[in-house]
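File shown: my_file-v4.txt. Contents: compact mmCIF, C-alpha atoms.
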# COMPACT_ATOMS: atom_id res chain seq x y z
CA MET C 1 78.89 107.55 91.89
CA ILE C 2 77.96 111.11 91.00
CA GLU C 3 77.77 111.63 87.27
CA THR C 4 77.31 115.08 85.80
CA ASN C 5 76.63 115.78 82.16
CA GLU C 6 76.79 119.52 82.42
CA ASN C 7 80.06 121.31 81.72
CA SER C 8 82.14 122.32 84.65
CA SER C 9 81.76 126.07 85.13
CA PRO C 10 84.78 128.18 86.17
CA ASN C 11 83.12 128.77 89.53
CA LYS C 12 82.64 125.09 90.16
CA THR C 13 86.23 124.41 89.08
CA ARG C 14 87.51 127.00 91.53
CA TYR C 15 85.33 125.59 94.29
CA TRP C 16 86.70 122.06 93.88
CA PHE C 17 90.28 123.31 93.54
CA LEU C 18 89.74 125.09 96.85
CA ARG C 19 88.28 121.92 98.39
CA GLY C 20 91.48 120.19 97.28
CA LEU C 21 93.55 122.89 98.98
CA LEU C 22 91.56 122.45 102.19
CA CYS C 23 92.92 118.89 102.46
CA LEU C 24 95.83 120.68 104.18
CA PHE C 25 93.86 120.24 107.38
CA SER C 26 93.72 116.47 107.32
CA MET C 27 95.50 113.67 109.14
CA PRO C 28 97.34 112.23 106.10
CA VAL C 29 98.86 115.62 105.18
CA LEU C 30 99.90 116.22 108.79
CA ILE C 31 101.57 112.79 109.01
CA LEU C 32 103.25 113.15 105.61
CA ASN C 33 104.72 116.48 106.69
CA GLY C 34 105.99 114.87 109.88
CA ALA C 35 107.68 112.22 107.74
CA PHE C 36 109.24 115.03 105.69
CA ILE C 37 111.06 116.31 108.76
CA GLY C 38 112.74 112.91 109.01
CA PHE C 39 113.41 112.86 105.26
CA SER C 40 114.94 116.36 105.28
CA SER C 41 117.37 115.52 108.04
CA LEU C 42 118.40 112.41 106.07
CA ALA C 43 119.02 114.56 102.96
CA ARG C 44 120.99 117.03 105.00
CA GLU C 45 123.14 114.27 106.52
CA ALA C 46 123.86 113.03 102.99
CA GLY C 47 125.21 116.47 102.01
CA PHE C 48 122.29 117.85 99.99
CA THR C 49 121.76 121.61 100.20
CA LEU C 50 118.35 123.10 100.99
CA ILE C 51 117.69 124.04 97.35
CA GLU C 52 118.83 120.64 96.06
CA THR C 53 116.54 118.90 98.55
CA GLN C 54 113.57 121.05 97.56
CA PHE C 55 114.34 120.44 93.90
CA MET C 56 114.40 116.70 94.57
CA VAL C 57 111.07 116.87 96.44
CA ALA C 58 109.39 118.68 93.54
CA THR C 59 110.85 116.59 90.71
CA VAL C 60 110.94 113.06 92.14
CA TRP C 61 107.80 113.28 94.29
CA ALA C 62 107.72 109.81 95.82
CA LEU C 63 109.25 109.46 99.24
CA PRO C 64 110.71 105.92 98.89
CA SER C 65 112.33 106.82 95.56
CA LYS C 66 113.90 109.92 97.11
CA VAL C 67 115.27 107.76 99.93
CA VAL C 68 116.78 105.43 97.30
CA LEU C 69 118.25 108.44 95.45
CA ILE C 70 119.83 109.76 98.66
CA GLY C 71 121.17 106.29 99.50
CA ALA C 72 122.78 106.08 96.05
CA VAL C 73 124.39 109.51 96.44
CA MET C 74 125.67 108.57 99.91
CA SER C 75 127.31 105.41 98.57
CA LYS C 76 128.87 107.45 95.72
CA SER C 77 127.02 105.53 93.00
CA THR C 78 127.42 106.52 89.38
CA LEU C 79 124.58 108.26 87.58
CA LEU C 80 123.68 105.08 85.69
CA ALA C 81 123.60 102.95 88.86
CA THR C 82 121.48 105.63 90.56
CA PHE C 83 119.09 105.73 87.61
CA LEU C 84 118.64 101.95 87.72
CA ALA C 85 118.13 101.82 91.50
CA VAL C 86 115.51 104.58 91.43
CA CYS C 87 113.93 103.01 88.36
CA LEU C 88 113.36 99.73 90.25
CA SER C 89 111.94 101.58 93.26
CA ALA C 90 109.43 103.42 91.07
CA VAL C 91 107.85 100.64 89.00
CA ARG C 92 104.89 100.70 91.37
CA LEU C 93 104.00 104.19 90.13
CA MET C 94 102.85 102.75 86.81
CA PRO C 95 100.04 100.51 88.13
CA MET C 96 99.13 103.27 90.61
CA VAL C 97 98.64 105.72 87.74
CA VAL C 98 96.77 103.14 85.64
CA ALA C 99 94.41 102.62 88.59
CA ILE C 100 93.71 106.30 89.26
CA VAL C 101 93.39 107.71 85.73
CA PRO C 102 90.05 106.05 84.83
CA GLU C 103 88.53 107.55 88.00
CA MET C 104 90.03 110.98 87.49
CA ARG C 105 89.21 111.76 83.88
CA ALA C 106 85.95 113.04 82.48
CA ALA C 107 84.90 112.88 78.84
CA LYS C 108 86.50 116.26 78.09
CA THR C 109 89.71 115.87 80.09
CA ARG C 110 92.75 116.53 77.92
CA LYS C 111 95.58 114.00 77.84
CA ILE C 112 98.13 116.70 78.68
CA THR C 113 96.25 117.46 81.92
CA LEU C 114 96.53 113.79 82.92
CA TYR C 115 100.23 113.68 82.05
CA ILE C 116 100.92 116.77 84.18
CA LEU C 117 98.82 115.58 87.14
CA SER C 118 100.35 112.09 86.97
CA HIS C 119 103.63 113.62 88.10
CA PHE C 120 102.07 114.04 91.55
CA VAL C 121 100.93 110.44 91.95
CA ALA C 122 102.58 108.98 95.05
CA VAL C 123 101.10 107.11 98.00
CA THR C 124 99.58 110.08 99.87
CA ALA C 125 97.88 111.78 96.92
CA TRP C 126 96.82 108.41 95.49
CA VAL C 127 95.21 107.15 98.69
CA MET C 128 93.56 110.49 99.48
CA ALA C 129 92.20 110.93 95.95
CA LEU C 130 90.83 107.39 95.65
CA GLU C 131 89.03 107.85 98.98
CA ARG C 132 87.59 111.25 98.14
CA PHE C 133 86.79 111.07 94.41
CA LYS C 134 83.39 109.48 95.08
CA ASN C 135 82.27 112.75 96.66
CA VAL C 136 83.60 114.92 93.83
CA PRO C 137 81.63 115.42 90.59
CA ARG C 138 83.46 113.69 87.74
CA ASP C 139 84.10 116.89 85.76
CA ASP C 140 85.83 118.47 88.75
CA ARG C 141 88.05 115.62 89.84
CA THR C 142 91.12 116.95 88.03
CA SER C 143 90.60 120.36 89.71
CA PHE C 144 90.23 118.72 93.09
CA PHE C 145 93.35 116.62 92.54
CA ALA C 146 95.30 119.71 91.40
CA GLY C 147 94.30 121.53 94.61
CA LEU C 148 95.26 118.54 96.72
CA VAL C 149 98.71 118.17 95.17
CA CYS C 150 99.35 121.94 95.31
CA VAL C 151 98.85 121.88 99.05
CA LEU C 152 101.03 118.77 99.41
CA LEU C 153 103.81 120.36 97.33
CA ILE C 154 103.79 123.71 99.12
CA SER C 155 103.58 122.26 102.63
CA ASN C 156 106.32 119.70 101.91
CA LEU C 157 108.67 122.37 100.53
CA ALA C 158 107.98 124.57 103.56
CA MET C 159 108.67 121.63 105.87
CA VAL C 160 112.02 120.96 104.16
CA TYR C 161 112.92 124.64 104.62
CA LEU C 162 111.98 124.63 108.31
CA THR C 163 113.84 121.38 108.99
CA PHE C 164 117.02 122.69 107.36
CA GLN C 165 116.92 125.63 109.79
CA VAL C 166 116.87 123.38 112.86
CA ALA C 167 117.99 119.88 111.85
CA GLU C 168 121.47 120.12 113.32
CA ASP C 169 120.04 120.15 116.79
CA MET C 170 117.64 117.27 116.28
CA PRO C 171 118.24 114.27 118.58
CA PRO C 172 118.80 111.04 116.58
CA LEU C 173 115.88 109.29 118.26
CA LEU C 174 113.51 112.06 117.18
CA SER C 175 114.62 111.91 113.56
CA ALA C 176 114.38 108.11 113.62
CA ALA C 177 110.84 108.37 115.01
CA LEU C 178 109.91 110.83 112.25
CA VAL C 179 111.37 108.61 109.52
CA PHE C 180 109.38 105.75 111.05
CA LEU C 181 106.17 107.70 110.32
CA THR C 182 106.45 106.90 106.61
CA PRO C 183 106.01 103.11 106.72
CA LEU C 184 103.40 103.41 109.49
CA TYR C 185 101.32 105.91 107.61
CA PHE C 186 101.67 103.99 104.33
CA LEU C 187 100.59 100.77 106.04
CA PHE C 188 97.41 102.09 107.63
CA SER C 189 96.29 104.31 104.79
CA LEU C 190 96.92 101.60 102.20
CA TRP C 191 94.92 99.09 104.20
CA GLY C 192 92.11 101.61 104.64
CA SER C 193 92.02 102.52 100.97
CA ALA C 194 91.87 98.93 99.71
CA ARG C 195 88.48 98.47 98.07
CA GLU C 196 88.26 94.76 97.52
CA ARG C 197 89.47 91.54 99.07
CA ALA C 198 92.09 91.14 96.33
CA SER C 199 93.81 94.33 97.53
CA HIS C 200 93.85 93.22 101.17
CA TYR C 201 95.33 89.84 100.19
CA ALA C 202 97.80 91.65 97.91
CA MET C 203 98.95 93.84 100.75
CA PHE C 204 99.49 90.89 103.04
CA ALA C 205 101.34 88.94 100.35
CA GLY C 206 103.52 91.94 99.47
CA LEU C 207 104.55 92.34 103.12
CA VAL C 208 105.31 88.65 103.68
CA PHE C 209 107.07 88.06 100.35
CA THR C 210 109.51 90.95 100.82
CA PRO C 211 111.90 89.25 103.30
CA LEU C 212 111.73 86.08 101.18
CA CYS C 213 112.60 87.94 98.00
CA HIS C 214 115.21 90.00 99.83
CA SER C 215 117.10 86.87 100.84
CA ILE C 216 117.01 85.46 97.29
CA MET C 217 117.44 88.61 95.16
CA PRO C 218 118.10 91.73 97.25
CA GLN C 219 118.43 94.01 94.20
CA ILE C 220 114.86 93.46 93.02
CA ASP C 221 113.15 92.43 96.25
CA ILE C 222 110.38 95.03 96.03
CA LEU C 223 109.62 94.24 92.42
CA GLY C 224 109.58 90.48 93.00
CA ALA C 225 107.45 90.63 96.15
CA GLY C 226 105.06 93.15 94.64
CA ILE C 227 104.38 91.44 91.35
CA ALA C 228 104.29 87.89 92.77
CA GLY C 229 102.17 88.96 95.76
CA GLY C 230 99.74 91.04 93.73
CA ALA C 231 99.24 88.38 91.07
CA LEU C 232 98.83 85.60 93.63
CA ALA C 233 96.23 87.62 95.56
CA TYR C 234 94.27 88.35 92.41
CA PHE C 235 94.16 84.74 91.29
CA ILE C 236 93.23 83.43 94.75
CA VAL C 237 90.27 85.81 94.90
CA ARG C 238 89.25 84.84 91.37
CA GLN C 239 89.38 81.17 92.27
CA GLN C 240 87.24 81.81 95.36
CA GLY C 241 84.76 83.72 93.23
CA ALA C 242 84.66 80.92 90.64
CA SER C 243 84.12 78.19 93.23
CA LYS C 244 81.22 80.09 94.82
CA SER C 245 79.31 80.70 91.60
CA MET D 246 129.99 110.34 87.01
CA THR D 247 128.82 110.61 90.60
CA PHE D 248 126.87 113.31 92.45
CA THR D 249 130.08 115.17 93.32
CA SER D 250 131.91 114.66 90.00
CA TYR D 251 131.64 118.23 88.69
CA ASP D 252 132.21 121.33 90.72
CA THR D 253 129.52 123.42 89.03
CA TRP D 254 126.27 124.71 90.49
CA TRP D 255 124.12 122.90 87.94
CA TRP D 256 125.54 119.37 88.13
CA PRO D 257 123.67 118.28 91.31
CA PHE D 258 120.42 119.47 89.72
CA LEU D 259 121.11 117.62 86.48
CA PHE D 260 122.01 114.52 88.52
CA ILE D 261 118.71 114.74 90.41
CA LEU D 262 116.78 115.17 87.15
CA LEU D 263 118.45 112.23 85.36
CA GLY D 264 118.82 109.96 88.40
CA GLY D 265 115.55 110.91 90.14
CA TRP D 266 112.97 112.59 87.96
CA LEU D 267 113.51 110.56 84.77
CA PRO D 268 113.27 107.06 86.33
CA THR D 269 110.16 107.99 88.36
CA GLY D 270 108.46 110.19 85.75
CA MET D 271 108.71 107.65 82.97
CA TRP D 272 106.66 105.10 84.93
CA ARG D 273 103.98 107.68 85.63
CA TYR D 274 103.77 108.78 81.98
CA LEU D 275 103.66 105.14 80.88
CA GLY D 276 100.82 104.70 83.38
CA VAL D 277 98.77 107.48 81.74
CA TYR D 278 99.53 105.93 78.35
CA PHE D 279 98.47 102.42 79.39
CA ALA D 280 95.39 103.70 81.18
CA GLY D 281 94.26 104.64 77.65
CA ASP D 282 90.53 104.18 77.54
CA ILE D 283 90.16 101.52 80.23
CA ASP D 284 86.71 101.71 81.80
CA GLU D 285 86.79 102.37 85.54
CA ASN D 286 84.79 99.22 86.23
CA ALA D 287 86.99 96.97 84.12
CA GLN D 288 88.09 93.71 85.74
CA VAL D 289 91.70 94.37 84.71
CA LEU D 290 91.75 97.33 87.13
CA VAL D 291 91.18 94.96 90.05
CA PHE D 292 94.33 93.15 88.93
CA VAL D 293 96.24 96.43 88.47
CA ARG D 294 95.15 97.65 91.92
CA ALA D 295 96.29 94.35 93.47
CA ILE D 296 99.73 94.71 91.87
CA ALA D 297 100.02 98.39 92.88
CA THR D 298 98.97 97.57 96.44
CA ALA D 299 101.41 94.67 96.78
CA LEU D 300 104.25 96.84 95.42
CA VAL D 301 103.55 99.57 97.99
CA ALA D 302 103.30 96.87 100.69
CA ALA D 303 106.75 95.64 99.64
CA VAL D 304 108.08 99.22 99.97
CA ILE D 305 106.60 99.37 103.50
CA ALA D 306 108.17 96.03 104.45
CA LYS D 307 111.53 97.17 103.13
CA LEU D 308 111.41 100.46 105.06
CA VAL D 309 110.68 98.55 108.27
CA LEU D 310 112.95 95.53 107.78
CA TYR D 311 115.95 97.08 105.99
CA PRO D 312 115.97 100.84 106.69
CA ASP D 313 118.67 103.45 105.94
CA GLY D 314 119.86 106.41 107.98
CA ALA D 315 118.63 107.22 111.47
CA LEU D 316 116.14 104.35 111.53
CA ALA D 317 118.86 101.74 110.92
CA GLN D 318 120.19 102.39 114.45
CA SER D 319 117.08 100.95 116.11
CA ALA D 320 116.47 97.26 116.86
CA LEU D 321 114.52 95.28 114.25
CA ILE D 322 112.39 93.53 116.87
CA LEU D 323 111.33 96.93 118.22
CA ARG D 324 110.29 98.23 114.79
CA LEU D 325 108.36 95.02 114.13
CA ALA D 326 106.63 95.08 117.51
CA ALA D 327 105.66 98.73 117.02
CA VAL D 328 104.22 98.10 113.56
CA VAL D 329 102.30 94.95 114.55
CA ILE D 330 100.81 96.39 117.76
CA GLY D 331 100.07 99.68 115.99
CA PHE D 332 98.23 97.75 113.29
CA VAL D 333 96.19 95.81 115.85
CA ILE D 334 95.18 99.08 117.54
CA TYR D 335 94.35 100.62 114.17
CA HIS D 336 92.19 97.59 113.41
CA VAL D 337 90.29 97.36 116.71
CA SER D 338 89.70 101.12 116.69
CA ARG D 339 87.91 100.61 113.36
CA GLY D 340 90.42 102.38 111.19
CA LYS D 341 91.67 105.32 113.25
CA VAL D 342 94.98 106.03 111.50
CA TRP D 343 96.17 108.57 114.07
CA LEU D 344 95.62 106.10 116.93
CA GLY D 345 97.58 103.36 115.18
CA VAL D 346 100.42 105.73 114.34
CA LEU D 347 100.51 107.17 117.85
CA THR D 348 100.62 103.70 119.47
CA ALA D 349 103.39 102.46 117.18
CA GLU D 350 105.43 105.63 117.65
CA ALA D 351 105.03 105.47 121.44
CA ILE D 352 106.28 101.87 121.50
CA PHE D 353 109.15 102.78 119.18
CA ILE D 354 110.28 105.84 121.17
CA VAL D 355 109.88 104.33 124.64
CA GLY D 356 111.48 101.06 123.53
CA ASN D 357 114.48 102.82 122.00
CA TYR D 358 114.88 105.07 124.99
CA TRP D 359 114.80 102.13 127.32
CA HIS D 360 117.08 100.05 125.10
CA THR D 361 119.84 102.58 124.41
CA GLY D 362 119.26 105.23 127.06
CA THR D 363 119.56 108.03 124.50

Could you show the structure in this file as structure tokens?
Amino acid sequence: MIETNENSSPNKTRYWFLRGLLCLFSMPVLILNGAFIGFSSLAREAGFTLIETQFMVATVWALPSKVVLIGAVMSKSTLLATFLAVCLSAVRLMPMVVAIVPEMRAAKTRKITLYILSHFVAVTAWVMALERFKNVPRDDRTSFFAGLVCVLLISNLAMVYLTFQVAEDMPPLLSAALVFLTPLYFLFSLWGSARERASHYAMFAGLVFTPLCHSIMPQIDILGAGIAGGALAYFIVRQQGASKS
Amino acid sequence: MTFTSYDTWWWPFLFILLGGWLPTGMWRYLGVYFAGDIDENAQVLVFVRAIATALVAAVIAKLVLYPDGALAQSALILRLAAVVIGFVIYHVSRGKVWLGVLTAEAIFIVGNYWHTGT
């Protein structure tokens, strides 16, 4: 882990912001933008305008939650029902933020900076940042993260715009294949970013528990599978550790 | 009060803010609050990472098993086969994400084409 005691100079800040921007040319950003083509055609089918879709991308900023929001609008849900459905889909964002903040902040980082940057925590930025932070000096991690999310935001909005210009002519199989990119990309990048055995077990448990929970309590299947799977994985690994020592 | 309740330009935007931004944003802001002064090597973070990972895994499983929209038209067995074989390729290629994605997508597209002829 690189630790720097010196203050971050404006030049260094700019450099790391730029390094964040350069993440544009990386596989995860390319795949995410592909998934956004599929997402945009879904939004368009549901009756969202271009501006509404872009507004949703910028304000909600988590692909699965946007899909839930669109699903709620399509089924003519009330605002309250929509709020609750999206709320359940987004619980995961809290532990994701709790996990990333201690690695992102330096001694002088202001709380308000963390609150603003936390808005951009979603799978892609989270996985990319956790992988790359070890190569970024601690004082510059917020700058790097800001650059990374800027490039994600701008490229996603551009992709929504482009898709709205052509989506009518898109064959259904192509848009299905592009929507399919999201779970694929999430699966591989999440597995790759897992640091410890507990996370690998947690991922496996989360996957397997979902159909079980779905058959028992379809409304809160993700929440049930996630919390039960994560906790089980953690305690199994702790038990293994205890029995070894 | 649904998405199309009011015929004004601002209602859809307000609906997105209250039904989309608020219920996602509040979890993120709570996350910053709870992160407080936790040390990055704290044991509790291993637990938090396990929960976060399992929750994302559950989202993945749901997208594959119970999808909406265009994806819902495809056969479940095909989506499962594509994901499993893609993951095996990803694993044996020592973590090449693009190779795993490409394999799974190829199986998905060819399988659908063959299955429905569209």

Residues of chain D within 6 Å of chain C, counting all atoms listed in the file, as a VMD selection string: chain D and resid 246 to 247 264 to 266 268 to 269 272 to 273 276 280 285 292 to 293 295 to 300 302 to 303 305 to 306 315 to 316

Provide the CA of Val237 (chain C) to CA of Gln288 (chain D) distance in Å, to one decimal place. 12.3 Å

Pick out the residues sitting within 12 Å of His336 (chain D), and hand them over as a PyMOL selection string; count all atoms listed in the file, and ignore anything fewer than 2 positions along from it in its own chain. (chain C and resi 187-189+191-192) or (chain D and resi 329-334+338-346)

One decimal, Å: what's the distance from CA of Thr142 (chain C) over to CA of Lys108 (chain C), could you say?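 Those two atoms sit 11.0 Å apart.
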
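A search radius of 9 Å centred on (93.6, 121.4, 88.8), applied to all atoms listed in the file, returns the residues Thr13, Arg14, Trp16, Phe17, Gly20, Thr113, Leu117, Asp140, Arg141, Thr142, Ser143, Phe144, Phe145, Ala146, Gly147, Leu148, Val149 and Cys150 of chain C.
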
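Taking CA of Phe258 (chain D) as the reference point, CA of Val277 (chain D) is found at 26.0 Å.
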